[in-house]
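A.B. asks: Pasting a structure here, questions to come.
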Amino acid sequence: MHLDFETDDVAAETARLIALGAQEVSQWQECRVLRAPGGHLLCVLPTESDPDVFREQATRWP
């Protein structure tokens with residue numbers, strides 16, 4: 001399984017996921033590849049969606 005996290009703040013989302021136990025594997029341009037504690041890879045990507053759609057549908061973490 002592979003997950004992509006689209007975010008308007010790659011550094012903050014990467015830090016949040018690392019605090020939850022993920023480990024950074026690599027970086028490519030603005031994208032970060034992390035490994036979740038269960039071993040799955042995930043990517044943290046800068047926003048690519050239409051800005052209005054992103055604002056409407058994005059999940060905000062406390």
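Residue numbering restarts at 1 for every chain of the structure tokens, chains are lettered A, B, ... in their displayed order, and ligands are numbered from 1 as they appear.
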Give me, as a list in words, the residues of chain A that a backbone DSSP run labels strand (DSSP E).
C.D. replies: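 Here is the list: His2, Leu3, Asp4, Phe5, Glu6, Thr7, Gln23, Glu24, Val25, Ser26, Gln27, Trp28, Cys31, Arg32, Val33, Leu34, Arg35, Leu41, Leu42, Cys43, Val44, Leu45 and Pro46 of chain A.
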A.B. asks: Per DSSP on the backbone, what are the helix (DSSP H, G or I) residues of chain A, as a list in words?
C.D. replies: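 After running DSSP on the backbone, chain A has helix (DSSP H, G or I) at Val10, Ala11, Ala12, Glu13, Thr14, Ala15, Arg16, Leu17, Ile18, Ala19, Pro51, Asp52, Val53, Phe54, Arg55, Glu56 and Gln57 of chain A.
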A.B. asks: Would you kindly return, as a ChimeraX atom specification, each protein, DNA or RNA residue with an atom no farther than 10 Å from any atom of Arg32 (chain A), considering only C-alpha atoms and excluding same-chain residues fewer than 3 positions away?
C.D. replies: /A:4-5,10-11,13-14,24-29,42-46
